[in-house]
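Notes follow the structure.
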Amino acid sequence: MNVLGIETSCDETAVALLRDSREILANLVYSQTDLHARFGGVMPEAASRDHLRKLPRLLDEALATAGVGWSAIGLVGVTYGPGLVGPLLVGMAHAAGIAVARNVPLIGVNHLAAHLFAHRLSEPAAPPPFLGLIVSGGHTLLAAVARWGEYKVVGGTRDDAAGEALDKFGRLLGLGYPAGLKIDELAREGDPAAIPFPRPMMESGLDMSFAGLKTAAVYWRRDHPSTAVPDLCASYLEAVVDVLAEKAIRAARRLSLSRIVVVGGVAANQRLREALPERAGEWGLAVHFPPPELCTDNAAIVAACAHHRFTELGCPGSLSLAPDPNLSLDGWI
């Protein structure tokens with residue numbers, strides 16, 4: 001079965017073609033970074049219009065890359081939440097039109113569950129149970145994955161997502177948007193112990209908070225304007241990584257899970273990829289990261305999740321699918 005995946009939940013227009021459960025025939029992503037950089041963040045209306053312009057051409061390009069025609073598509077998967085309602089509607093309208101035209105099922109996909117399927121695509125030999133750490137610009141949460149299709153959220157951020165906290169810090173330093181990669185690069189030149197940034201909620205439970213860290217950075221920058229930017233980046237990033245690592249390890253140990261799977265855009269961060277496996281290894285925990293191209297928002301993970309829902313969970317699909325900007329992963333099948 002060839003599965004067409006469409007992802008437009010935020011500021012990436014993504015189309016993929018997947019053969020069966022994991023053979024990626026095409027996985028194309030068009031980033032709107034340059035469009036939104038002038039605003040310092042995502043402008044929903046501009047994002048919707050850009051998806052509308054780019055998606056038809058990206059669909060044609062994906063088919064050409066895969067070397068198949070429209071008649072070869074047997075299933076369509078599309079993100080229907082969580083995300084920005086305008087961008088979601090653009091992708092869903094295109095997906096529904098294709099499903100009607102080709103008379104194939106339309107399967108709605110939870111964006112957060114799709115991120116977890118990056119692990120299934122990259123390491124099928126390491127199935128659930130595991131602890132999922134989903135960490136991106138819009139989401140930061142911990143989920144116990146008993147099996148594919150069974151998710152229980154056990155912790156999350158109470159305010160900013162980790163990626164959002166990095167982007168806002170980057171804006172403070174004038175690094176542009178998005179700032180995660182630039183902070184990661186500059187941090188390698190700095191001292192992570194140079195500034196005693198706080199680790200909010202470090203000792204309490206499994207929830208996280210990054211708003212206080214962001215505020216501490218604002219005050220430090222105001223009171224110590226001569227602090228070297230690499231030291232600022234290294235210290236700030238270390239605080240974020242410390243919180244993520246501590247919470248993930250604590251959750252895995254409490255739930256007696258031997259593996260941690262890290263997905264989402266921030267999973268591409270090099271400092272997190274270095275620190276978490278080292279610290280988790282002290283407790284006998286294995287840590288898995290997908291390749292960077294599957295960390296960012298992409299449609300291969302959407303197609304993989306749709307294929308599983310249709311073939312293994314028996315979801316029939318529906319053309320009456322509606323966008324759900326606040327869709328939760330907890331209990332979603």
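Convention: chains lettered A, B, ... in structure tokens order; per-chain residue numbering from 1; ligands numbered from 1 as shown.
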* To do: Pick out each residue of stretch 91-293 of chain A that DSSP on the backbone tags as helix (DSSP H, G or I); I need them as a ChimeraX atom specification.
  => /A:91-102,111-122,162-173,180-187,211-223,229-254,265-268,270-281,292-293
Give me a file of those residues, with C-alpha atoms, as a CSV table (one decimal), in the first residue's frame.
```
chain,number,residue,atom,x,y,z
A,91,GLY,CA,-3.8,20.4,4.6
A,92,MET,CA,-7.1,18.7,5.5
A,93,ALA,CA,-9.0,20.2,2.6
A,94,HIS,CA,-6.3,19.0,0.1
A,95,ALA,CA,-6.2,15.6,1.8
A,96,ALA,CA,-10.0,15.2,1.6
A,97,GLY,CA,-10.1,16.3,-2.0
A,98,ILE,CA,-7.5,13.7,-2.9
A,99,ALA,CA,-9.3,11.0,-0.9
A,100,VAL,CA,-12.6,11.7,-2.7
A,101,ALA,CA,-11.0,11.9,-6.1
A,102,ARG,CA,-9.2,8.6,-5.7
A,111,HIS,CA,0.6,15.5,15.3
A,112,LEU,CA,2.1,14.3,18.6
A,113,ALA,CA,1.6,10.6,17.9
A,114,ALA,CA,3.1,11.1,14.5
A,115,HIS,CA,6.3,12.4,16.1
A,116,LEU,CA,6.5,9.2,18.1
A,117,PHE,CA,6.3,7.2,14.8
A,118,ALA,CA,9.7,8.7,13.8
A,119,HIS,CA,11.1,6.1,16.2
A,120,ARG,CA,9.1,3.3,14.5
A,121,LEU,CA,10.4,4.4,11.1
A,122,SER,CA,14.0,4.6,12.2
A,162,ALA,CA,11.3,24.0,25.4
A,163,GLY,CA,11.7,25.0,21.8
A,164,GLU,CA,9.6,28.1,22.4
A,165,ALA,CA,11.9,29.0,25.3
A,166,LEU,CA,14.9,28.7,23.1
A,167,ASP,CA,13.4,30.8,20.4
A,168,LYS,CA,12.4,33.6,22.8
A,169,PHE,CA,15.9,33.5,24.2
A,170,GLY,CA,17.3,33.8,20.7
A,171,ARG,CA,15.1,36.8,20.1
A,172,LEU,CA,16.5,38.4,23.3
A,173,LEU,CA,20.0,38.0,21.9
A,180,GLY,CA,17.6,26.7,18.3
A,181,LEU,CA,20.3,25.7,15.8
A,182,LYS,CA,22.2,29.0,16.4
A,183,ILE,CA,22.0,28.6,20.1
A,184,ASP,CA,23.3,25.0,19.8
A,185,GLU,CA,26.3,26.2,17.7
A,186,LEU,CA,27.2,29.2,19.9
A,187,ALA,CA,26.9,27.1,23.1
A,211,ALA,CA,8.9,30.7,31.6
A,212,GLY,CA,10.9,31.4,34.8
A,213,LEU,CA,14.1,30.5,33.0
A,214,LYS,CA,13.3,32.9,30.2
A,215,THR,CA,12.6,35.7,32.7
A,216,ALA,CA,15.9,35.0,34.5
A,217,ALA,CA,17.7,35.3,31.2
A,218,VAL,CA,16.0,38.7,30.5
A,219,TYR,CA,17.1,40.0,33.9
A,220,TRP,CA,20.7,38.7,33.5
A,221,ARG,CA,21.0,40.2,30.1
A,222,ARG,CA,19.8,43.6,31.5
A,223,ASP,CA,22.1,43.5,34.6
A,229,VAL,CA,27.0,35.5,24.0
A,230,PRO,CA,28.5,32.0,23.8
A,231,ASP,CA,28.5,31.8,27.6
A,232,LEU,CA,24.9,32.9,27.7
A,233,CYS,CA,23.9,30.3,25.1
A,234,ALA,CA,25.8,27.5,26.8
A,235,SER,CA,24.4,28.2,30.2
A,236,TYR,CA,20.8,28.7,29.0
A,237,LEU,CA,20.9,25.6,26.9
A,238,GLU,CA,22.4,23.5,29.7
A,239,ALA,CA,19.5,24.6,32.0
A,240,VAL,CA,17.0,23.4,29.4
A,241,VAL,CA,18.8,20.1,28.8
A,242,ASP,CA,19.2,19.5,32.6
A,243,VAL,CA,15.4,19.8,33.1
A,244,LEU,CA,14.5,17.6,30.1
A,245,ALA,CA,17.0,15.0,31.1
A,246,GLU,CA,16.0,14.9,34.8
A,247,LYS,CA,12.3,14.7,34.1
A,248,ALA,CA,12.6,12.0,31.4
A,249,ILE,CA,14.9,9.8,33.5
A,250,ARG,CA,12.6,10.3,36.6
A,251,ALA,CA,9.5,9.3,34.5
A,252,ALA,CA,11.2,6.3,33.0
A,253,ARG,CA,12.3,5.0,36.4
A,254,ARG,CA,8.9,5.6,38.1
A,265,GLY,CA,12.3,19.4,16.6
A,266,VAL,CA,14.4,19.8,19.7
A,267,ALA,CA,15.5,16.2,19.5
A,268,ALA,CA,17.9,17.3,16.8
A,270,GLN,CA,23.3,18.1,19.8
A,271,ARG,CA,23.7,19.0,23.5
A,272,LEU,CA,20.6,17.0,24.3
A,273,ARG,CA,21.8,14.1,22.2
A,274,GLU,CA,25.1,14.1,24.1
A,275,ALA,CA,23.8,14.6,27.7
A,276,LEU,CA,20.7,12.5,27.9
A,277,PRO,CA,22.2,9.1,26.9
A,278,GLU,CA,25.1,9.7,29.2
A,279,ARG,CA,23.0,10.5,32.2
A,280,ALA,CA,20.3,7.9,31.4
A,281,GLY,CA,23.1,5.3,31.0
A,292,PRO,CA,17.4,14.7,12.3
A,293,GLU,CA,15.3,14.7,9.1
```
Residues near A:Gly81, cut-off 12 Å, only C-alpha atoms, skip fewer than 5 positions along chain, as a PDB file with C-alpha atoms, in the first residue's frame:
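For reference, around-v3.pdb as written:
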```pdb
ATOM      1  CA  GLU A   7       1.461  17.790   7.358  1.00  0.00           C
ATOM      2  CA  THR A   8       0.569  21.491   7.673  1.00  0.00           C
ATOM      3  CA  SER A   9       0.032  21.985  11.406  1.00  0.00           C
ATOM      4  CA  CYS A  10       2.334  24.996  11.742  1.00  0.00           C
ATOM      5  CA  GLY A  86      -5.817  27.809   9.520  1.00  0.00           C
ATOM      6  CA  PRO A  87      -2.805  25.751   8.460  1.00  0.00           C
ATOM      7  CA  LEU A  88      -4.554  22.556   9.588  1.00  0.00           C
ATOM      8  CA  LEU A  89      -7.565  23.367   7.401  1.00  0.00           C
ATOM      9  CA  GLY A  91      -3.821  20.429   4.626  1.00  0.00           C
ATOM     10  CA  MET A  92      -7.077  18.714   5.531  1.00  0.00           C
ATOM     11  CA  GLY A 108      -6.719  11.742  10.619  1.00  0.00           C
ATOM     12  CA  VAL A 109      -3.447  11.786  12.538  1.00  0.00           C
ATOM     13  CA  ASN A 110      -2.512  13.344  15.871  1.00  0.00           C
ATOM     14  CA  HIS A 111       0.608  15.453  15.298  1.00  0.00           C
ATOM     15  CA  LEU A 112       2.106  14.342  18.632  1.00  0.00           C
ATOM     16  CA  ALA A 113       1.558  10.644  17.925  1.00  0.00           C
ATOM     17  CA  ALA A 114       3.085  11.145  14.488  1.00  0.00           C
ATOM     18  CA  VAL A 302       2.130  11.223   9.450  1.00  0.00           C
ATOM     19  CA  LEU A 321     -12.825  14.950   9.895  1.00  0.00           C
ATOM     20  CA  ALA A 322     -12.634  18.346  11.617  1.00  0.00           C
ATOM     21  CA  PRO A 323      -9.521  20.215  12.793  1.00  0.00           C
ATOM     22  CA  ASP A 324      -8.775  20.069  16.517  1.00  0.00           C
ATOM     23  CA  PRO A 325      -6.155  22.719  17.410  1.00  0.00           C
ATOM     24  CA  ASN A 326      -5.990  21.495  21.019  1.00  0.00           C
ATOM     25  CA  LEU A 327      -6.022  17.759  20.347  1.00  0.00           C
ATOM     26  CA  SER A 328      -4.478  15.818  23.239  1.00  0.00           C
ATOM     27  CA  LEU A 329      -2.272  12.760  22.979  1.00  0.00           C
ATOM     28  CA  TRP A 332      -5.766   9.081  21.714  1.00  0.00           C
TER      29      TRP A 332
END
```
* To do: Find the residues near A:His36: any atom within 9 Å, counting only C-alpha atoms, skip ones fewer than 6 places away on the same chain, and give them as a ChimeraX atom specification.
  => /A:11,42-43,46-47,177-178
* Name the residues in contact with A:Arg259 at a cut-off of 9 Å, using only C-alpha atoms, excluding same-chain residues fewer than 2 positions from it; report them as JSON, numbers by chain. => {"A": [126, 128, 129, 130, 131, 132, 252, 257, 261, 285, 286, 287, 288]}
Please, could you write that set of residues out with N, CA and C atoms as a PDB file, in the first residue's frame?
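Below you can see selection-v1.pdb, which holds the result:
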```pdb
ATOM      1  N   ALA A 126      13.068  -1.745  17.969  1.00  0.00           N
ATOM      2  CA  ALA A 126      12.980  -1.324  19.371  1.00  0.00           C
ATOM      3  C   ALA A 126      11.569  -0.820  19.651  1.00  0.00           C
ATOM      4  N   PRO A 128       7.608  -0.447  21.492  1.00  0.00           N
ATOM      5  CA  PRO A 128       7.146  -0.175  22.856  1.00  0.00           C
ATOM      6  C   PRO A 128       7.192  -1.455  23.681  1.00  0.00           C
ATOM      7  N   PRO A 129       7.168  -1.318  25.011  1.00  0.00           N
ATOM      8  CA  PRO A 129       6.926  -0.087  25.782  1.00  0.00           C
ATOM      9  C   PRO A 129       8.164   0.794  25.886  1.00  0.00           C
ATOM     10  N   PHE A 130       7.920   2.099  25.960  1.00  0.00           N
ATOM     11  CA  PHE A 130       8.985   3.056  26.196  1.00  0.00           C
ATOM     12  C   PHE A 130       8.383   4.366  26.700  1.00  0.00           C
ATOM     13  N   LEU A 131       9.252   5.240  27.174  1.00  0.00           N
ATOM     14  CA  LEU A 131       8.838   6.588  27.539  1.00  0.00           C
ATOM     15  C   LEU A 131       9.144   7.511  26.374  1.00  0.00           C
ATOM     16  N   GLY A 132       8.144   8.244  25.913  1.00  0.00           N
ATOM     17  CA  GLY A 132       8.355   9.198  24.841  1.00  0.00           C
ATOM     18  C   GLY A 132       8.536  10.596  25.403  1.00  0.00           C
ATOM     19  N   ALA A 252      10.869   7.623  33.421  1.00  0.00           N
ATOM     20  CA  ALA A 252      11.172   6.252  32.998  1.00  0.00           C
ATOM     21  C   ALA A 252      11.379   5.342  34.201  1.00  0.00           C
ATOM     22  N   LEU A 257      10.243   1.723  32.905  1.00  0.00           N
ATOM     23  CA  LEU A 257      10.473   1.627  31.456  1.00  0.00           C
ATOM     24  C   LEU A 257      11.973   1.710  31.204  1.00  0.00           C
ATOM     25  N   VAL A 261      12.532   7.428  24.313  1.00  0.00           N
ATOM     26  CA  VAL A 261      12.540   7.816  22.905  1.00  0.00           C
ATOM     27  C   VAL A 261      12.307   9.323  22.827  1.00  0.00           C
ATOM     28  N   LEU A 285      19.367   2.942  31.480  1.00  0.00           N
ATOM     29  CA  LEU A 285      18.306   3.261  30.529  1.00  0.00           C
ATOM     30  C   LEU A 285      18.890   3.514  29.140  1.00  0.00           C
ATOM     31  N   ALA A 286      18.256   2.974  28.119  1.00  0.00           N
ATOM     32  CA  ALA A 286      18.661   3.232  26.736  1.00  0.00           C
ATOM     33  C   ALA A 286      17.900   4.448  26.213  1.00  0.00           C
ATOM     34  N   VAL A 287      18.546   5.235  25.362  1.00  0.00           N
ATOM     35  CA  VAL A 287      17.931   6.425  24.786  1.00  0.00           C
ATOM     36  C   VAL A 287      18.018   6.344  23.269  1.00  0.00           C
ATOM     37  N   HIS A 288      16.907   6.642  22.598  1.00  0.00           N
ATOM     38  CA  HIS A 288      16.846   6.584  21.141  1.00  0.00           C
ATOM     39  C   HIS A 288      16.454   7.947  20.576  1.00  0.00           C
TER      40      HIS A 288
END
```
* **Within 7 Å of A:His307 using only C-alpha atoms, minus same-chain residues under 4 positions, as a list in words** =>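 In the requested form, the answer reads Val3, Ser21, Ala303 and Thr311 of chain A.
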